[in-house]
Every structure is written in structure tokens, then in C-alpha cells.
Amino acid sequence: MSKKLYIDVNGYKIEDRFTGLSNDLKIEMLRKMYEIRHFENETEQFIIRGMIHGTCHLYTGEEATAVGAIYAIQNDDYITSTHRGHGHCIAKGADLNIMMAELLGKKTGYSKGKGGSMHIADVRSGNLGANGVVGGSIGIATGAALTCKMKKNGKIVVCFFGDGAANQGIFHSSINMASIWDLPVVYLCENNVYGMSTSVKEAFNIKKISDRKYAYGIEGLTIDGNDLIEVFNTISYFAGRCRAGKGPVLVESLTYRWSGHSKSDAQVYRTREEIKEWKERDPIKRYKEILISRKIITEKDDNDLEKEVMSKIQEASEFAKESPFPDPSEVEDDVYA
Amino acid sequence: MLKNNTRQLTYLEALREAMQQKMRADNDVYLIGEDIAEYGGAFGVTVGMLEEFGSERIRNTPISEEAIIGVAAGSAITGMRPIAEIMFSDFITIAMDQIANQAAKICYMFGGKARVPMVIRTAGGGGTGAAAQHSQSLEAIVAHIPGLKVVMPSCPYDAKGLLISSINDDNPVIFIEHKLLYKNKKYTNGVPEEMYEIPLGKGDIKKEGSDISIVATSYMVQKSLEAAEKLSLEKGIDCEVVDIRTLKPLDIDIILNSIKKTGKLICVEEAPVFGGFMGEVAAQVSEKGFDWLDAPIKRVAGRNCPVPYSLVLEQEMIPGVERIEKGILDLLG
């Protein structure tokens, strides 16, 4: 393309890098969203059947944010994740079999059964881990960015956290530190409307969480987190800015979790209508319709792709079920390096 | 241990030399903390380091303990070896999520696939009149958390060797220094010029003796040595002083071997006695060394209150030579 296309996102003139991507990459992003959706569906089945020993926080409905953001950065860039972390982990390239095994507490899992859903990490793929503490990974992301800067390795960090984490002290002290040191971090706030049961309306007295950028003297904006193309373009733009040494940014991605907070959530704090309304904004449906309308895939391709993903998830599920549990004698292994 | 190239250094000078030598040898080692640059740290430990290493590696921060530890941990996982300075050990509580839930547990939670090689240097202990929020001894809290190592040097020679080992260690190490030792000329000792390691998990007999074993940490080792000296001169009592140096890992064998010889154990620490680290020492000795004891284990420790301000109250709260002496005499009956 000789002429650069720009899209206007909340006052920022952001280059449209999506349109120029190969069809393969555009389809791969759809595949990743399906992988997350069906991984979570399978996990929900495990929860219902009582096969998940602890709890799980499902990412269903938020797929466009993880996939759009992670496909906008390089393979060897870092991410930090949250307690609702399956989506980030899958998008960053984790092996589904090993992930599912970890959820079932098996020896073959990412953490040999010691971490579970809330502590999955795949350090080799640049995923510095889910985190059971709300906001817990914001400092870690900032430290990883300091490594990038000190080692001048050209990498950046995408730090995922939720709306709830934006009210933790570590949010403030870390973003301030990243700002004064120009660290390459995209602070990506997934505003999914509720911190457990507390709505953002109760927890904030500002309209946009991204407005907190003014407090740190950094750039940032609020985007539609259910629009994969908008997420991809925005994070591509800001990742480039970070890589050029221009300091951190704060992006708020508006999305919604379809399921309850965790497996024990009776969901008394929200209405069926609200859930229905958000389901109509299904990020996967929106993206696939664009791919079909742009003739990148056909309806049949889409169906085939989804079926293929579902069978892969079944394989992961079988692998996890057949895997052995850890031996009790391993309990004190790995406390120290 | 004295060698030809050994100088008399203060505790503070020994600590600084350890950091300087490690930073010269390894570009991944850097310092992060409050007022550590031009100011040289609240106690002067890092004076002159900014000039040698520059502001990229002597990284002065805003007053943000939680972010200091979080950033140190994140950089450690990704290949750096940070030394984070928390000005007063009381302030580790501000960073406790990052210490206890993040740095300490990352290796285990991730099935051993991530390492967190970082040192948290912090100034502990009382006796400075700084009262309740700047005088605590919180080592038992951190020693209780799996995944952390805890080091408390009592003299300059140990300070240098233990700090070098802590920096070389691939785990988060809480390195608690004592404010009353930093510039104290009374407690200088011979420190070799070259880099050397004192392994974590190895205690040290600071004075051999046959009548009673005194196990102590940090500044209380020095006070115990003074009490031992006095009792030797005045009453001919021969005390053995065991400095455990690292609380975790704990060298229980050096303690057991000492009581095999003496049959009596007195534990000295500055922290409030209730739930203090010496309770762990006492428990392990009674589990593993009961047969060698010919008297109950005695603890001489801080009173169960915050560290008070007024000198008379502060001296009542924190054990001194007289209380250690009295404890020994009580135990010997």
C-alpha cells in the first residue's frame, strides 16, 4: 500500500495497520479467539462436573482485547496477565494441552500442578504470568520494562489488568515510575464493567479510566475492546511509540465478561438484559462478519475453522484428563530456584 | 580468617564494597531505592556509588515501596539482579504484596520455571530513638514465608560475604542490616579486599565456650559477646556465642552441636518475644536435641510492645547486656 490509511480513535490519528496484514494472519486471529472461547466453554464443563479443584475466572466475551493486543506486538515482547488470564495465555502462544492439564492440577501442566488457573505462566513465550492478586502484576510488568530499557533489547511489555486493579496503590506507584523513567509499557486496562460484583459506576468518579493518564503525564485513550481491529490498531500504534522510547501509555479497553466472576458467582448484581445486550456485541461474531464481508473467508471456512478448534480443545481436554497427578513427594520442590 | 590484604572496615563500608565489586563484575546488578543516589541512602551505605555507576544503575525512586519491590521482581524475572533498598525495615509492610505474594512465590507457582534473583536490603532494629515505626525487627514475618531467604549479618566481615552470596543467589533474599552497626567503630573487623562468599545457611561460632550456648542474631550477637566477656571475667562462666547469620535457611546443626557440648541454650533476639524467630529455634532444638538439654530453653527478647520513644522505655523494651547476663545466670541457676 503506497498511501497510509489512518483511523480516528478518540482524537488520536492512528495508522490502520490491520488492513495491510496478510489474510493468514487475519484468520489466525479469528482462530485464536475461537480457541479462547472454546477453551473457556470446556473449562466451564469441567467446573460443572466438579473437576476443577479451585476456582476459575473465565475470559469469555473479552477475546478481542487479548488477541488484538497480543497480535499487535512481537513474539518476544512480554505480557503480564491477571486472575482472568486464560485468554492472554492462549493468545501469547501457550500450548492448550499443557494449560488444560494445569487447570486440572496435573503434573504435565505449566506449573506441574502447583499454580492452577490463577498462576499459569509461560515465561518462554514471554508470558510473565497470571496473578491471583488484583493489580499484583502491574509492578512486575514495570520491572520487566525496566529490564528492556536497561538491556536495550528493543522489547516492550503489555500489562493487562482489570478495572478493579486501577484502584490499587500499585497502579499509581508503578505507572508514575514508568512515566518518570520512560519505560516501554502499554498499561492495558480491561474494563469489563465489574470488579467481582462492584460496578465501575460505584468504584470510580471519572467517566473514563484512561483519563488517569493526565495524572502521570502520559498518553492514552479508551477504545472498544470488543472490536478486534480497533484493539489491534491502537496497540500497534502505542507499542511502536513505546519501542521508540517515548514512555508508557494507558489504554482502557471497554469489554464485558459474559460469565460470573468465578465459579461461585450467583450474579445478583446485574440483569439478564445487560448480559444479553453485551452478547449482541460478541467480539467473535463482529470480527468474523468483517472477514466474510471482506471476502477473506467464507461462511464455510468459518464453520470449518471453528470445528477444527473445537476438536483441538477436545484433544487438550483428553490430554489433561489422562495426565497423572503430581506425586505428593513433590510438594516442597520448586520453593527455591 | 584474617588475610594479608585485610583492612578494618565498618559494617557500612563492607556492605558498600560488596555492592561496588558485584556491580563492577556484573552489569545486570543494579540498585533501586529511595534517596540512594546523591544523598547516598538514609544511612549513607550507597555514598559515592552514583558517581561511579551513574543514575541508570543507581536508580533513585519516588517514595513508592510497593513499586520498588514490584519493579525489582519484574526485572529479576527477566534477567536483571536488582538490589532494592527499603530505607527502614518497617516499610517492607508497605510492599508486602510484592514481597510475600509475588517475589516469594513466583518460582513455586510457576513450577520452578521462573527465577527471582533479587536482594531486598533494609535497615532493621531499634535503639535509635526513632520509636514504633522506624525501629522494628520484622524478620520473623519474612522468615515465615516460603520462598524467601533471610539474612542478618552481625559484623563487617559477615556483611560483605553474605551480601555477595545474597546477590549471587537466584532467590529473593531479605537482607536485614542493623542501624547501630553501620558506622560503629567498636564493631569493625578485618575485611578482605577481594570478593568472597559466605554461604547462606551456615552459622558461625563467634566465641567458643563450654558452659552455655547463646544463639543470637544481628546486633544481639555483639551484645551477647559483651555479656559473655563480662561473665567470663567476673564469674568465670564460659559462654559459647552462636551467630546464626541466616535465619532461612537455618543452620540448625551448628546450634545442636553447640548444645551437645554445653547442655544449655539461651536465645537472644531484639524482636518481641511472642512469635519471634527464636521460638522456631527453640522448637527445632526441643524436637531434635532434647536429649542433650539439661535445662529448659530460655529466650531473652524484646518485650511485647511496639518500640517506644523515651530512652528509659526503649531500653526496657530491647534486650541489653544486663538482661542477657541475667538470663544466663538464671539459666545456670
# chains A, B, ... in the order shown; residues from 1 in each chain; ligands from 1
call {"tool": "residues_around", "arguments": {"residues": "Pro192 of chain B", "least_positions_apart": "4", "cutoff": "12 Å", "atoms": "only C-alpha atoms", "output": "mmCIF file with C-alpha atoms, in the first residue's frame"}}
result
data_model
loop_
_atom_site.group_PDB
_atom_site.id
_atom_site.type_symbol
_atom_site.label_atom_id
_atom_site.label_comp_id
_atom_site.auth_asym_id
_atom_site.auth_seq_id
_atom_site.Cartn_x
_atom_site.Cartn_y
_atom_site.Cartn_z
ATOM 1 C CA MET B 1 40.085 -15.648 58.673
ATOM 2 C CA LEU B 2 42.360 -12.598 58.642
ATOM 3 C CA LYS B 3 44.382 -12.378 55.477
ATOM 4 C CA ASN B 4 47.205 -10.098 54.391
ATOM 5 C CA ASN B 5 45.048 -7.850 52.282
ATOM 6 C CA THR B 6 42.560 -7.361 55.084
ATOM 7 C CA ARG B 7 41.551 -3.931 56.356
ATOM 8 C CA GLN B 8 39.497 -2.798 59.309
ATOM 9 C CA LEU B 9 36.191 -1.699 57.789
ATOM 10 C CA GLU B 13 31.886 0.178 54.299
ATOM 11 C CA ALA B 14 31.841 -3.593 53.962
ATOM 12 C CA GLU B 17 32.299 -2.644 48.958
ATOM 13 C CA ALA B 18 30.285 -5.816 48.316
ATOM 14 C CA PRO B 156 31.532 -6.223 58.725
ATOM 15 C CA TYR B 157 33.263 -9.455 57.615
ATOM 16 C CA ASP B 158 29.939 -11.312 57.517
ATOM 17 C CA ALA B 159 28.144 -8.328 55.979
ATOM 18 C CA LYS B 160 30.355 -8.354 52.895
ATOM 19 C CA GLY B 161 30.467 -12.113 52.349
ATOM 20 C CA TYR B 196 34.336 -13.686 48.897
ATOM 21 C CA GLU B 197 31.140 -15.555 49.665
#
call {"tool": "closest_atom_pairs", "arguments": {"of": "segment 281-309 of chain A", "to": "segment 237-259 of chain A", "cutoff": "10 Å", "atoms": "only C-alpha atoms", "output": "JSON lines"}}
result
{"residue": "A:Arg281", "atom": "CA", "partner": "A:Thr255", "partner_atom": "CA", "distance": 9.3}
{"residue": "A:Asp282", "atom": "CA", "partner": "A:Tyr256", "partner_atom": "CA", "distance": 9.5}
{"residue": "A:Pro283", "atom": "CA", "partner": "A:Thr255", "partner_atom": "CA", "distance": 9.1}
call {"tool": "residues_around", "arguments": {"residues": "Thr108 of chain A", "least_positions_apart": "4", "cutoff": "8 Å", "atoms": "only C-alpha atoms", "output": "compact mmCIF listing (two decimals) with C-alpha atoms, in the first residue's frame"}}
result
# COMPACT_ATOMS: atom_id res chain seq x y z
CA ILE A 98 -0.32 -28.07 28.97
CA ALA A 101 -3.50 -30.02 32.39
CA GLU A 102 -2.57 -27.23 34.79
CA LYS A 112 3.40 -29.05 37.40
CA GLY A 113 0.05 -28.62 39.13
CA ALA A 320 -5.40 -33.18 30.67
CA SER A 323 -2.31 -36.92 32.59
CA PRO A 324 -1.10 -38.08 36.00
call {"tool": "atom_distance", "arguments": {"atom1": "atom CA of His53 of chain A", "atom2": "atom CA of Glu35 of chain A"}}
result
22.6 Å
call {"tool": "interface_residues", "arguments": {"of": "chain A", "to": "chain B", "cutoff": "8 Å", "atoms": "only C-alpha atoms", "output": "PyMOL selection string"}}
result
chain A and resi 110-115+119-121+123+129+133+136-147+150+170+173-174+177+333-337
call {"tool": "residues_around", "arguments": {"residues": "segment 303-312 of chain B", "least_positions_apart": "4", "cutoff": "7 Å", "atoms": "only C-alpha atoms", "output": "NGL selection string"}}
result
:B and (129-132 or 135-136 or 272-274 or 316-318)
call {"tool": "write_last_selection", "arguments": {"atoms": "N, CA and C atoms", "output": "CSV table (one decimal), in the first residue's frame"}}
result
chain,number,residue,atom,x,y,z
B,129,GLY,N,16.0,5.7,69.1
B,129,GLY,CA,15.0,6.7,69.5
B,129,GLY,C,14.0,7.1,68.4
B,130,ALA,N,14.0,6.3,67.4
B,130,ALA,CA,13.1,6.6,66.3
B,130,ALA,C,11.7,6.0,66.5
B,131,ALA,N,11.5,5.3,67.6
B,131,ALA,CA,10.2,4.8,68.0
B,131,ALA,C,9.5,3.8,67.1
B,132,ALA,N,8.2,3.7,67.3
B,132,ALA,CA,7.5,2.5,66.8
B,132,ALA,C,7.5,2.1,65.3
B,135,SER,N,11.8,1.3,64.0
B,135,SER,CA,12.7,0.5,64.9
B,135,SER,C,12.5,-1.0,64.9
B,136,GLN,N,11.5,-1.4,64.1
B,136,GLN,CA,11.1,-2.8,64.3
B,136,GLN,C,12.1,-3.9,63.8
B,272,PRO,N,9.9,-8.6,69.5
B,272,PRO,CA,9.1,-9.0,70.6
B,272,PRO,C,9.1,-10.5,70.7
B,273,VAL,N,9.1,-11.0,72.0
B,273,VAL,CA,9.3,-12.5,72.2
B,273,VAL,C,8.2,-13.3,71.6
B,274,PHE,N,7.0,-12.8,71.6
B,274,PHE,CA,5.8,-13.6,71.2
B,274,PHE,C,5.9,-13.8,69.7
B,316,GLU,N,14.1,-0.6,78.1
B,316,GLU,CA,13.3,-1.7,78.8
B,316,GLU,C,12.7,-2.7,77.7
B,317,MET,N,12.4,-2.1,76.5
B,317,MET,CA,11.8,-3.0,75.5
B,317,MET,C,12.8,-3.9,74.9
B,318,ILE,N,14.0,-3.3,74.5
B,318,ILE,CA,15.0,-4.0,73.7
B,318,ILE,C,16.0,-4.6,74.7
